[in-house]
Structures are given as structure tokens and as C-alpha cells.
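Undergrad: Following this line is work-v3.txt, made up of compact mmCIF, C-alpha atoms:
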# COMPACT_ATOMS: atom_id res chain seq x y z
CA MET A 27 71.43 130.74 137.09
CA ARG A 28 71.38 129.46 133.56
CA GLY A 29 67.78 130.38 133.15
CA ALA A 30 68.57 133.89 134.32
CA MET A 31 70.67 134.70 131.25
CA PRO A 32 68.69 133.51 128.31
CA ASP A 33 69.53 136.48 126.11
CA GLU A 34 73.32 136.01 126.47
CA LYS A 35 73.26 132.74 124.57
CA PRO A 36 72.96 134.22 121.09
CA ALA A 37 76.01 136.45 121.67
CA PRO A 38 78.70 133.67 121.64
CA GLN A 39 76.88 132.05 118.75
CA SER A 40 77.11 135.21 116.65
CA LYS A 41 80.80 135.49 117.66
CA SER A 42 81.54 132.03 116.35
CA THR A 43 79.72 132.78 113.09
CA ASP A 44 81.84 135.94 112.86
CA ARG A 45 84.92 133.80 113.17
CA ASP A 46 83.59 131.29 110.65
CA ARG A 47 82.81 134.09 108.25
CA ARG A 48 86.29 135.59 108.67
CA ALA A 49 87.96 132.19 108.22
CA PHE A 50 85.82 131.62 105.13
CA PHE A 51 86.83 134.94 103.59
CA VAL A 52 90.52 134.34 104.43
CA LYS A 53 90.27 130.96 102.72
CA LEU A 54 88.45 132.51 99.78
CA GLY A 55 91.08 135.25 99.50
CA LEU A 56 94.05 132.90 99.76
CA GLY A 57 92.39 130.44 97.39
CA SER A 58 91.75 133.03 94.71
CA LEU A 59 95.28 134.42 95.14
CA SER A 60 96.70 130.91 94.67
CA ILE A 61 94.62 130.40 91.52
CA ALA A 62 95.78 133.77 90.20
CA ALA A 63 99.42 132.90 91.04
CA ALA A 64 99.15 129.55 89.27
CA GLY A 65 97.55 131.24 86.26
CA THR A 66 100.32 133.86 86.22
CA ALA A 67 102.94 131.10 86.29
CA VAL A 68 101.27 129.39 83.30
CA PHE A 69 101.02 132.67 81.35
CA ALA A 70 104.65 133.52 82.22
CA TYR A 71 105.83 130.13 80.96
CA GLN A 72 103.82 130.48 77.75
CA PHE A 73 105.04 134.04 77.22
CA LEU A 74 108.68 133.03 77.63
CA SER A 75 108.36 130.13 75.16
CA PRO A 76 108.43 131.56 71.64
CA ASN A 77 105.68 130.18 69.39
CA VAL A 78 107.42 131.04 66.13
CA LEU A 79 111.12 130.34 65.70
CA PHE A 80 113.21 131.85 62.94
CA GLU A 81 115.57 128.92 62.84
CA PRO A 82 116.86 127.13 59.71
CA SER A 83 114.77 124.25 58.35
CA PRO A 84 115.79 120.81 59.64
CA ILE A 85 115.66 119.47 56.06
CA ILE A 86 118.83 120.00 54.05
CA ASN A 87 119.32 119.65 50.33
CA ALA A 88 122.85 118.23 50.04
CA GLY A 89 122.94 118.25 46.22
CA GLN A 90 123.76 115.53 43.70
CA PRO A 91 125.27 112.26 45.04
CA GLU A 92 128.06 112.54 42.41
CA HIS A 93 129.54 115.41 44.41
CA TYR A 94 130.48 112.97 47.18
CA PRO A 95 133.26 110.61 46.00
CA LEU A 96 133.39 107.07 47.37
CA ASP A 97 134.99 106.77 50.82
CA SER A 98 134.61 110.50 51.59
CA VAL A 99 133.42 112.34 54.70
CA THR A 100 132.00 115.83 54.05
CA LEU A 101 131.20 118.26 56.88
CA ASP A 102 128.62 120.98 56.25
CA VAL A 103 129.52 123.58 58.87
CA ASN A 104 126.33 125.61 58.45
CA SER A 105 123.89 122.76 59.00
CA GLY A 106 126.10 120.73 61.37
CA ILE A 107 125.93 117.40 59.50
CA TYR A 108 128.35 114.94 57.92
CA LEU A 109 127.48 113.36 54.60
CA ILE A 110 129.46 110.18 54.24
CA HIS A 111 129.78 108.03 51.14
CA SER A 112 131.03 104.62 52.27
CA ASN A 113 131.27 101.32 50.46
CA GLU A 114 127.91 100.32 51.95
CA GLY A 115 126.22 103.51 50.72
CA PHE A 116 125.37 107.07 51.81
CA PHE A 117 124.57 108.11 55.36
CA SER A 118 124.44 111.31 57.39
CA LEU A 119 125.61 111.94 60.94
CA GLY A 120 124.91 114.88 63.21
CA ALA A 121 128.18 116.80 63.60
CA VAL A 122 127.15 118.40 66.90
CA CYS A 123 128.87 116.67 69.80
CA THR A 124 126.44 114.86 72.12
CA HIS A 125 128.40 116.12 75.12
CA LEU A 126 127.88 119.92 75.20
CA GLY A 127 127.02 120.87 71.63
CA CYS A 128 130.37 121.80 70.05
CA LEU A 129 130.90 121.23 66.34
CA THR A 130 133.09 118.15 65.75
CA ALA A 131 135.58 117.76 62.89
CA TRP A 132 136.65 114.85 60.67
CA ASN A 133 140.30 113.90 61.07
CA PRO A 134 141.30 112.15 57.81
CA GLU A 135 144.75 111.05 59.05
CA LEU A 136 143.36 109.12 62.03
CA GLY A 137 140.05 108.30 60.34
CA ILE A 138 137.99 109.52 63.31
CA ILE A 139 135.58 112.32 64.19
CA ALA A 140 136.98 114.45 67.03
CA CYS A 141 135.45 117.21 69.17
CA PRO A 142 137.74 120.18 69.83
CA CYS A 143 136.07 121.20 73.11
CA HIS A 144 136.47 118.29 75.50
CA GLY A 145 138.21 115.59 73.46
CA SER A 146 135.38 113.19 72.60
CA LYS A 147 136.26 110.88 69.68
CA PHE A 148 133.87 109.01 67.39
CA SER A 149 134.31 106.45 64.65
CA ARG A 150 133.20 107.21 61.09
CA THR A 151 129.86 105.56 61.82
CA GLY A 152 129.31 107.79 64.87
CA ALA A 153 130.12 105.24 67.59
CA LYS A 154 131.92 106.73 70.59
CA ILE A 155 135.57 105.74 70.91
CA GLU A 156 136.48 107.81 73.98
CA GLY A 157 135.77 111.03 75.84
CA PRO A 158 132.88 112.50 77.85
CA ALA A 159 130.19 112.23 75.15
CA PRO A 160 127.24 110.30 76.62
CA ARG A 161 125.79 109.05 73.31
CA PRO A 162 127.03 108.20 69.79
CA LEU A 163 126.50 110.77 67.03
CA PRO A 164 122.94 110.47 65.68
CA TRP A 165 122.12 109.03 62.26
CA TYR A 166 119.76 111.24 60.29
CA ARG A 167 117.22 110.12 57.71
CA VAL A 168 118.65 110.42 54.19
CA TRP A 169 116.66 110.04 50.96
CA LEU A 170 116.78 111.00 47.30
CA SER A 171 114.47 113.78 46.18
CA GLU A 172 112.55 113.61 42.88
CA GLU A 173 115.27 115.75 41.32
CA GLY A 174 117.85 113.18 42.43
CA ASN A 175 119.30 115.31 45.22
CA LEU A 176 120.43 113.88 48.53
CA MET A 177 118.11 115.11 51.29
CA VAL A 178 118.82 114.98 55.03
CA ASP A 179 116.25 115.47 57.80
CA ARG A 180 118.01 116.64 60.96
CA SER A 181 114.84 116.27 63.02
CA THR A 182 114.51 112.52 62.34
CA THR A 183 117.09 110.15 63.74
CA ILE A 184 117.25 106.56 62.50
CA GLY A 185 119.02 103.49 63.80
CA ALA A 186 122.70 103.11 62.97
CA MET A 187 123.91 101.23 59.90
CA GLN A 188 120.97 102.09 57.63
CA PHE A 189 122.71 103.06 54.42
CA LEU A 190 121.18 104.68 51.36
CA ARG A 191 122.26 102.96 48.15
CA VAL A 192 122.13 105.14 45.06
CA MET B 13 139.38 178.47 104.40
CA ALA B 14 137.38 180.16 107.07
CA THR B 15 135.16 181.90 104.53
CA SER B 16 134.43 178.72 102.57
CA ALA B 17 133.52 176.98 105.84
CA ASN B 18 131.25 179.92 106.61
CA TYR B 19 129.62 179.64 103.19
CA PHE B 20 128.98 175.96 103.83
CA ASP B 21 127.51 176.75 107.23
CA GLN B 22 125.27 179.40 105.63
CA LEU B 23 124.22 176.90 102.98
CA ARG B 24 123.39 174.27 105.58
CA LYS B 25 121.24 176.76 107.45
CA SER B 26 119.38 177.85 104.30
CA ARG B 27 115.73 176.93 103.89
CA ILE B 28 116.34 174.81 100.79
CA TRP B 29 119.06 172.73 102.45
CA ARG B 30 116.92 172.26 105.55
CA SER B 31 113.97 171.14 103.44
CA ILE B 32 116.13 168.40 101.85
CA PHE B 33 118.24 167.36 104.87
CA ARG B 34 115.96 167.51 107.87
CA SER B 35 118.49 166.29 110.42
CA GLY B 36 119.64 169.79 111.40
CA THR B 37 123.04 171.42 111.44
CA GLY B 38 124.50 170.73 114.85
CA THR B 39 127.73 168.89 115.60
CA SER B 40 126.43 166.98 118.60
CA THR B 41 126.46 163.17 118.63
CA LEU B 42 122.68 163.23 118.27
CA HIS B 43 122.82 165.41 115.16
CA ARG B 44 125.55 163.29 113.61
CA SER B 45 123.48 160.17 114.29
CA LEU B 46 120.42 161.79 112.75
CA VAL B 47 122.36 162.57 109.56
CA ILE B 48 122.88 158.83 109.08
CA GLN B 49 119.51 157.71 110.41
CA GLN B 50 117.37 160.10 108.36
CA ASP B 51 119.07 159.54 105.00
CA VAL B 52 117.40 156.96 102.76
CA PHE B 53 120.77 155.59 101.59
CA LEU B 54 122.87 156.03 104.73
CA HIS B 55 120.24 154.56 107.04
CA LEU B 56 121.22 151.13 105.70
CA PHE B 57 124.47 151.58 107.63
CA PRO B 58 125.00 151.71 111.40
CA THR B 59 124.75 155.19 112.94
CA LYS B 60 127.93 154.50 114.88
CA VAL B 61 131.03 152.50 113.92
CA ARG B 62 133.97 151.91 116.20
CA ARG B 63 137.24 153.19 114.82
CA ARG B 64 139.00 149.84 115.24
CA MET B 65 136.31 148.19 113.09
CA LEU B 66 137.52 150.38 110.22
CA ASN B 67 141.08 149.03 110.48
CA ILE B 68 141.95 147.32 107.21
CA GLY B 69 142.87 144.15 109.08
CA VAL B 70 139.25 143.57 110.20
CA THR B 71 137.68 143.12 106.74
CA TRP B 72 140.41 144.01 104.23
CA TYR B 73 137.56 146.18 102.81
CA LEU B 74 136.71 143.31 100.45
CA GLY B 75 132.93 143.91 100.53
CA THR B 76 133.37 147.63 99.94
CA LEU B 77 135.81 146.95 97.09
CA THR B 78 133.31 144.51 95.54
CA PHE B 79 130.63 147.19 95.70
CA GLY B 80 133.14 149.64 94.16
CA THR B 81 133.65 147.37 91.14
CA PHE B 82 129.85 146.99 90.87
CA VAL B 83 129.46 150.79 90.72
CA ILE B 84 132.17 150.96 88.01
CA LEU B 85 130.43 148.16 86.09
CA VAL B 86 127.02 149.87 86.20
CA SER B 87 128.38 153.26 85.11
CA THR B 88 130.60 151.92 82.30
CA GLY B 89 127.91 149.42 81.27
CA VAL B 90 125.27 152.14 80.86
CA LEU B 91 127.70 154.08 78.64
CA LEU B 92 128.49 150.97 76.55
CA MET B 93 124.74 150.46 76.03
CA LEU B 94 124.61 153.77 74.14
CA TYR B 95 126.62 152.27 71.25
CA TYR B 96 125.65 148.59 71.39
CA HIS B 97 122.70 147.03 69.49
CA PRO B 98 121.74 143.54 70.71
CA SER B 99 121.04 142.21 67.20
CA VAL B 100 122.82 139.52 65.20
CA PRO B 101 123.99 141.69 62.29
CA GLN B 102 125.17 144.55 64.53
CA ALA B 103 126.41 143.17 67.84
CA TYR B 104 129.87 142.11 66.63
CA SER B 105 130.52 145.25 64.55
CA ASP B 106 129.27 147.47 67.41
CA THR B 107 131.80 145.78 69.69
CA LYS B 108 134.50 146.44 67.08
CA ASP B 109 133.33 150.06 66.80
CA LEU B 110 133.59 150.45 70.56
CA GLN B 111 137.18 149.21 70.30
CA PHE B 112 138.33 151.28 67.32
CA VAL B 113 135.88 154.07 66.46
CA VAL B 114 134.07 155.40 69.56
CA SER B 115 136.08 157.95 71.56
CA SER B 116 137.15 156.39 74.87
CA GLY B 117 135.21 153.27 73.81
CA LEU B 118 138.29 151.07 74.19
CA PHE B 119 138.90 152.47 77.68
CA LEU B 120 135.27 151.96 78.75
CA ARG B 121 135.08 148.43 77.38
CA ASN B 122 138.36 147.42 78.98
CA LEU B 123 137.34 149.03 82.26
CA HIS B 124 134.04 147.08 82.13
CA ARG B 125 135.84 143.82 81.32
CA TRP B 126 138.59 144.12 83.94
CA SER B 127 136.18 145.31 86.62
CA ALA B 128 134.03 142.26 85.89
CA HIS B 129 137.01 139.98 86.43
CA ALA B 130 137.97 141.93 89.56
CA MET B 131 134.42 141.69 90.91
CA VAL B 132 134.33 137.89 90.60
CA PHE B 133 137.74 137.68 92.29
CA LEU B 134 136.70 140.09 95.07
CA VAL B 135 133.41 138.28 95.72
CA PHE B 136 135.33 135.05 96.26
CA ALA B 137 137.97 136.80 98.40
CA HIS B 138 135.18 138.44 100.47
CA MET B 139 133.49 135.07 100.99
CA PHE B 140 136.74 133.37 102.02
CA ARG B 141 137.42 136.22 104.45
CA VAL B 142 133.92 135.95 105.95
CA PHE B 143 134.20 132.15 106.09
CA TYR B 144 137.56 131.96 107.80
CA ARG B 145 136.64 134.68 110.32
CA GLY B 146 133.47 132.74 111.13
CA ALA B 147 131.30 135.73 110.27
CA TYR B 148 128.67 133.48 108.68
CA ARG B 149 127.69 132.18 112.13
CA PRO B 150 124.51 133.25 113.93
CA PRO B 151 123.13 135.89 113.93
CA ARG B 152 124.53 136.38 110.43
CA GLU B 153 123.36 133.13 108.69
CA PHE B 154 120.73 134.95 106.64
CA ASN B 155 123.21 137.54 105.39
CA TRP B 156 125.54 134.71 104.35
CA ILE B 157 122.69 133.19 102.30
CA ILE B 158 122.06 136.55 100.63
CA GLY B 159 125.79 136.70 99.91
CA VAL B 160 125.66 133.29 98.25
CA ILE B 161 122.75 134.46 96.05
CA LEU B 162 124.78 137.59 95.21
CA LEU B 163 127.68 135.30 94.22
CA LEU B 164 125.35 133.43 91.85
CA ILE B 165 124.08 136.73 90.40
CA THR B 166 127.69 137.88 89.89
CA LEU B 167 128.50 134.67 88.02
CA LEU B 168 125.31 134.94 85.93
CA LEU B 169 126.18 138.56 85.08
CA SER B 170 129.60 137.37 83.88
CA TYR B 171 128.02 134.53 81.90
CA THR B 172 125.34 136.66 80.20
CA GLY B 173 127.85 139.41 79.42
CA TYR B 174 130.09 136.83 77.73
CA LEU B 175 127.65 136.39 74.82
CA LEU B 176 127.21 140.06 73.98
CA PRO B 177 130.38 140.58 71.81
CA TRP B 178 128.86 137.88 69.55
CA ASP B 179 132.21 136.45 68.41
CA GLN B 180 133.28 132.80 68.11
CA LEU B 181 134.38 132.63 71.76
CA ALA B 182 131.02 134.02 72.92
CA PHE B 183 128.97 131.75 70.66
CA TRP B 184 130.66 128.50 71.66
CA ALA B 185 130.93 129.40 75.34
CA ILE B 186 127.17 129.99 75.50
CA THR B 187 126.48 126.88 73.40
CA VAL B 188 128.45 124.77 75.88
CA GLY B 189 127.11 126.62 78.94
CA SER B 190 123.46 126.38 77.93
CA ASN B 191 123.89 122.67 77.11
CA ILE B 192 125.06 122.17 80.70
CA ALA B 193 121.64 123.51 81.75
CA SER B 194 119.93 120.81 79.65
CA ALA B 195 121.66 118.17 81.79
CA VAL B 196 119.12 118.99 84.56
CA PRO B 197 116.84 115.94 85.00
CA VAL B 198 113.37 116.04 83.37
CA VAL B 199 113.11 119.83 82.80
CA GLY B 200 116.64 120.33 81.41
CA ASN B 201 115.61 120.75 77.77
CA LYS B 202 112.79 123.13 78.77
CA ILE B 203 115.25 125.31 80.75
CA HIS B 204 117.59 125.29 77.73
CA PHE B 205 114.73 126.33 75.44
CA LEU B 206 113.52 129.11 77.76
CA LEU B 207 117.05 130.42 78.39
CA LEU B 208 117.88 130.68 74.69
CA GLY B 209 114.37 131.47 73.46
CA GLY B 210 114.85 128.68 70.90
CA ASN B 211 116.93 125.60 70.19
CA LEU B 212 120.04 127.42 68.97
CA VAL B 213 122.18 130.31 70.20
CA ASN B 214 120.57 132.83 67.90
CA ALA B 215 118.93 136.27 67.78
CA ASN B 216 116.48 135.41 70.59
CA ALA B 217 119.30 134.16 72.82
CA LEU B 218 121.30 137.34 72.23
CA LEU B 219 118.33 139.53 73.14
CA ARG B 220 117.43 137.48 76.23
CA PHE B 221 121.00 137.54 77.49
CA TYR B 222 121.13 141.30 76.84
CA VAL B 223 117.96 141.93 78.87
CA LEU B 224 119.19 139.65 81.66
CA HIS B 225 122.61 141.31 81.64
CA CYS B 226 121.45 144.94 81.52
CA MET B 227 118.14 144.89 83.42
CA ILE B 228 117.01 141.85 85.36
CA LEU B 229 120.27 140.73 86.99
CA PRO B 230 121.56 144.24 87.92
CA LEU B 231 118.18 145.14 89.47
CA ALA B 232 118.17 141.88 91.43
CA ALA B 233 121.76 142.60 92.53
CA ILE B 234 120.93 146.16 93.68
CA PHE B 235 117.89 144.89 95.61
CA LEU B 236 119.92 142.20 97.40
CA ILE B 237 122.95 144.47 97.98
CA ALA B 238 120.65 146.90 99.83
CA ILE B 239 119.38 144.09 102.07
CA HIS B 240 122.96 142.78 102.48
CA PHE B 241 124.21 146.17 103.75
CA TRP B 242 121.17 146.73 105.97
CA ARG B 243 121.56 143.29 107.55
CA ILE B 244 125.16 144.11 108.57
CA ARG B 245 123.70 146.80 110.85
CA LYS B 246 120.78 144.65 111.99
CA ASP B 247 123.04 141.67 112.79
CA GLY B 248 125.24 143.71 115.11
CA GLY B 249 127.69 145.63 112.93
CA LEU B 250 131.00 144.49 111.57
CA TYR B 251 131.89 142.51 114.67
CA SER B 252 130.10 141.18 117.70
CA HIS B 253 131.08 138.70 120.35
CA SER B 254 128.22 136.38 119.55
CA SER B 255 129.76 135.70 116.14
CA GLN B 256 133.20 135.01 117.51
CA PRO B 257 134.18 131.42 116.67
CA PRO B 258 133.99 129.29 119.85
CA ALA B 259 137.48 127.90 119.20
CA ILE B 260 138.99 131.38 119.36
CA ALA B 261 136.94 132.23 122.46
CA ASP B 262 138.31 129.10 124.16
CA ILE B 263 141.88 130.00 123.28
CA SER B 264 141.59 133.50 124.74
CA ALA B 265 139.91 132.08 127.85
CA THR B 266 142.76 129.65 128.47
CA LYS B 267 145.31 132.40 127.92
CA GLU B 268 143.65 134.55 130.54
CA ALA B 269 143.56 131.69 133.04
Would you kindly transcribe this structure into C-alpha cells?
TA:
Amino acid sequence: MRGAMPDEKPAPQSKSTDRDRRAFFVKLGLGSLSIAAAGTAVFAYQFLSPNVLFEPSPIINAGQPEHYPLDSVTLDVNSGIYLIHSNEGFFSLGAVCTHLGCLTAWNPELGIIACPCHGSKFSRTGAKIEGPAPRPLPWYRVWLSEEGNLMVDRSTTIGAMQFLRV
Amino acid sequence: MATSANYFDQLRKSRIWRSIFRSGTGTSTLHRSLVIQQDVFLHLFPTKVRRRMLNIGVTWYLGTLTFGTFVILVSTGVLLMLYYHPSVPQAYSDTKDLQFVVSSGLFLRNLHRWSAHAMVFLVFAHMFRVFYRGAYRPPREFNWIIGVILLLITLLLSYTGYLLPWDQLAFWAITVGSNIASAVPVVGNKIHFLLLGGNLVNANALLRFYVLHCMILPLAAIFLIAIHFWRIRKDGGLYSHSSQPPAIADISATKEA
């Protein structure tokens, strides 16, 4: 009987190629949609990340060293740094609490830096005494400019106990 | 009375009315069902509700009350937008102007603020009510999930609205809140940067929170609220035996025996 239906053989073959073709186009469609979706995600991420920020410069001119008497801790509220003149020399600490970003304050009676939000306490050299803060306060790079001003770079942290002698 | 009812009947039979409301004017059960079924807003609800389901003891109307506060918040919020500029030099003084200069501004702002507090309270009360009645059980699991997302949207609406007065409380609350986001492993700082549009709570953060508060989150809420209401109907109305907690079913069975 097989020999009696020679012209039916091509029919299932063409059916299977139909299916192959459909599967191919489905794959092509889904593939190109996925590529487009991935591209959209990348563009969305780039769009939502601003390329230019109108934020204050990380470098701060703190003025002449004579303005900071020996054994003093000075908080600059606007830039969020301490400038400290200790017996060992000048250094600068970040005043923003390492816990959740509140502005800390120097307590001269107790001789500690304290955060008003969640009670973290730091020593004058930034080491954590108690509270939820996960890290000590950062030490920022301090140098003297050509005009003899104290400069602080908030974007560059240095190891603790590196004092600037003037 | 009779004449005004006649006028209304005449109006309902008029060509214009019939072109808008196609369900007809009869008082039969079918016509009353069609009024609900053929209305784009009302069709989210069941065509028929049993009277005892509307007893206050069944739901305490907590979901309806939540939606009521949401409607108040949208209408007062749109009015507040007419006097508020989301910019650093103006935001705080605009808020002050709304308090002291704009006619009824104080009333609208306070209504917005207290409704926001009420909405958070009512969402929690609604969820407790649903939880303790076991109404999160199948076939209502999906509607519970939508409810949880709506809870998150409610909290995000509260959080984003908190920054807009641009006072000390707002600034530090958002500073602390956005720093919590940076505690997320690996991508935390990226989330913080994208949320604020920078590294500090600044002009970009104010604008982003404003857009989230006034556009993105309310639209998401409206979208999910529509599904939430529609699913009540699809999952069997306010009450069905399949959602009855098994413990309670056992108790009633033993009582009958």
C-alpha cells in the first residue's frame, strides 16, 4: 500500500517545515523582544542616573590655620566636616554619621562626638565608642594650599592618625 | 415629589440618557443587574450583594473607608499642587503660603495630612481584619498579594510626601530613610543614587520625590485598586464558604452534632 500513495509523502514534510518555520519566527520574535527589553532597561538606568550633578565641590578651603586654636574641634555645618587642631597636628573628620547620615555634633563637656539621631558616639579621633554606627568617622585628606590655607578633600579618605603639622 | 420622580423618569427615557446608559429603564432584576454590569466603573463590583454582607460587622467597611481617604487625598492633593513648586528655593515658602496666605490652604493641607495618617491606619486595620477573618485564604491569595503591594504603595506615598515641605524634619527624615536603602547588599549605593538623583538630598531628590508622590505612585495605586475591587467579585464576593477558616467550620460542625 505504501507504493500506492507516493504523492502523500511530501504533505507531512511540508507540514513539519511549516512548524519549523513558525517555531523559528516565534524564537526570532521573542529573541528580538528580549534584546529590546534589555536595551530599554539599560537606557532607563542611564536616563535615571544624572550625568551632571550640581552638588558642592568635595574640596573645602578651611582658611588660615591660625583660626583654629590648639586643642579645638570646629564643625563646619555646611560641608559636614570637623577640623581639629590637636597636639599632634591638624586633621579633618567627616561629620556625617556612618550609621544613617545624620550630622553629628561635638560635645565639649564630655569630649566626644555624638549623633543626635540614634545615639552613636565617637572619640575625637573618630573611633566609635558606642551606638549603631558600623564604621568610625572617616579621616579626610588635609593639606596646605600655596596661599597657606588649610584644604580638605571630602572625596579622599586616609588612614587614621595621619596628622598635618603646620 | 411625584413630579420630580416623573421628570427623572422622563429624563431616563430621553434619547441622550439612553445613548449614555444603555442598560434601559426598567425596575426588573435583570435591568438592575445590567445597570451594574454595563457601567465601566460599577462592573468591577458584583451585580448582586446579599444584604447581610453589608452589615458593618462583616467588614467594618475598612476597605471602603481606606478608599474614601484615598479619594480625599487625591482631590486635596491636586488642589495643593496648584500652589506648590517642587524647587529648593520655593518649596518651603510655598508650604508656608499654603498655611498662612492661600484661602482654605490650611484646611486643605491639614485635610491632606490627616487623611494620609488615617489611610495608613485604615490599611493596617483592613489587613488585620482580613487576616483574622481568614479572608486571605484561597481563592483570595492573589488579592491578598495585591493588598500587600497596595500597603507598600501607601507607605511609599507617605514617605515621598514627607520630603515635600522641605523643612528640617523632611530633610533629615529622607536623609536617614534613603541611607537605609543603601544598606541593600551590592546595589544599595546605586539604589540610593537613583532614588535621590545624586549623592545628597537636594533639588533632584525633591523633584523625583514630587513626581513619585504626585504621578507614579498614585497611578500605580489606582491601577491596583481597580484590580483589587474586581478580584473581590471574581473571588466570590465578600464572603464564601470556601474561604471560611477550617477551624471555624469544625466548631460549627461539632455544635450541630
Undergrad: Near Gly209 in chain B, within 12 Å and counting only C-alpha atoms, which residues show up once chain neighbours fewer than 3 positions away are dropped, as a list in words?
TA: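 Returned residues: Tyr71, Gln72, Phe73, Leu74, Ser75, Pro76, Asn77, Val78, Leu79, Phe80 and Glu81 of chain A; Ser190, Asn201, Lys202, Ile203, His204, Phe205, Leu206, Leu212, Val213, Asn214, Ala215, Asn216, Ala217, Leu218, Leu219, Arg220 and Phe221 of chain B.
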Undergrad: Would you mind reading off the distance between CA of Val135 in chain B and CA of Trp156 in chain B, one decimal, in Å?
TA: 12.2 Å
Undergrad: Using all atoms listed in the file, I'd like every residue of chain B that has an atom within 7 Å of chain A; please write them out as a VMD selection string.
TA: chain B and resid 184 187 to 188 191 to 192 206 209 to 210
Undergrad: Would you place a box with edges along x, y and z of the file around all atoms of range 114-131 of chain A listed there, add 8 Å to each of its six sides, and report the centre and edge lengths in Å to one decimal, as lines of an AutoDock Vina configuration file?
TA:
center_x = 130.0
center_y = 111.1
center_z = 63.0
size_x = 27.1
size_y = 37.5
size_z = 40.5
Undergrad: Write out as a ChimeraX atom specification each polymer residue whose atoms come within 12 Å of Phe148 in chain A, counting all atoms listed in the file; drop sequence neighbours fewer than 4 positions from it.
TA: /A:119-125,130-133,136-141,152-164
Undergrad: Extract, using only C-alpha atoms, all DNA, RNA and protein residues at most 8 Å from Arg191 in chain A, discarding same-chain residues fewer than 3 positions from it, and format them as an NGL selection string.
TA: :A and (114-116)
Undergrad: For those residues, write C-alpha atoms to a file as a tab-separated table (two decimals), keeping the file's coordinate frame.
TA:
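Written out: part-v6.tsv:
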chain	number	residue	atom	x	y	z
A	114	GLU	CA	127.91	100.32	51.95
A	115	GLY	CA	126.22	103.51	50.72
A	116	PHE	CA	125.37	107.07	51.81
Undergrad: List the neighbours of range 176-189 of chain A out to 6 Å using all atoms listed in the file; skip same-chain residues closer than 3 positions along the sequence, and give me the result as JSON, numbers by chain.
TA: {"A": [84, 85, 86, 87, 88, 89, 115, 116, 117, 165, 166, 167, 168, 169, 170]}
Undergrad: Rank B:Val90, B:Leu23, B:Val52, B:Ala182 by their smallest atom-to-atom distance to His124 in chain B, using only C-alpha atoms, and report the top residue only.
TA: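 Using only C-alpha atoms, the shortest distance to His124 in chain B belongs to B:Val90.
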Undergrad: Between B:Lys60, B:His55, B:Arg243, B:His225, which is the closest to Glu153 in chain B once you count all atoms listed in the file?
TA: B:Arg243
Undergrad: Interatomic distance between CA of Asn175 in chain A and CA of His93 in chain A?
TA: 10.3 Å
Undergrad: In Å to one decimal, how far is CA of Ile186 in chain B from CA of Gly200 in chain B?
TA: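 Separating CA of Gly200 in chain B from CA of Ile186 in chain B is a distance of 15.5 Å.
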Undergrad: Neighbours of range 17-21 of chain B within 12 Å (only C-alpha atoms; same-chain residues fewer than 4 positions away dropped), as an MDAnalysis selection string?
TA: chainID B and resid 13 25:26 29:30 36:39
Undergrad: The residues within 12 Å of (133.9, 147.2, 96.8), using only C-alpha atoms and the coordinates of the file, should be reported as a list in words; which are they?
TA: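 Nearby residues: Thr71, Trp72, Tyr73, Leu74, Gly75, Thr76, Leu77, Thr78, Phe79, Gly80, Thr81, Phe82, Val83, Ile84, Leu85, Ser127, Ala128, Ala130, Met131, Val132, Phe133, Leu134, Val135, Ala137, His138, Ile237 and Phe241 of chain B.
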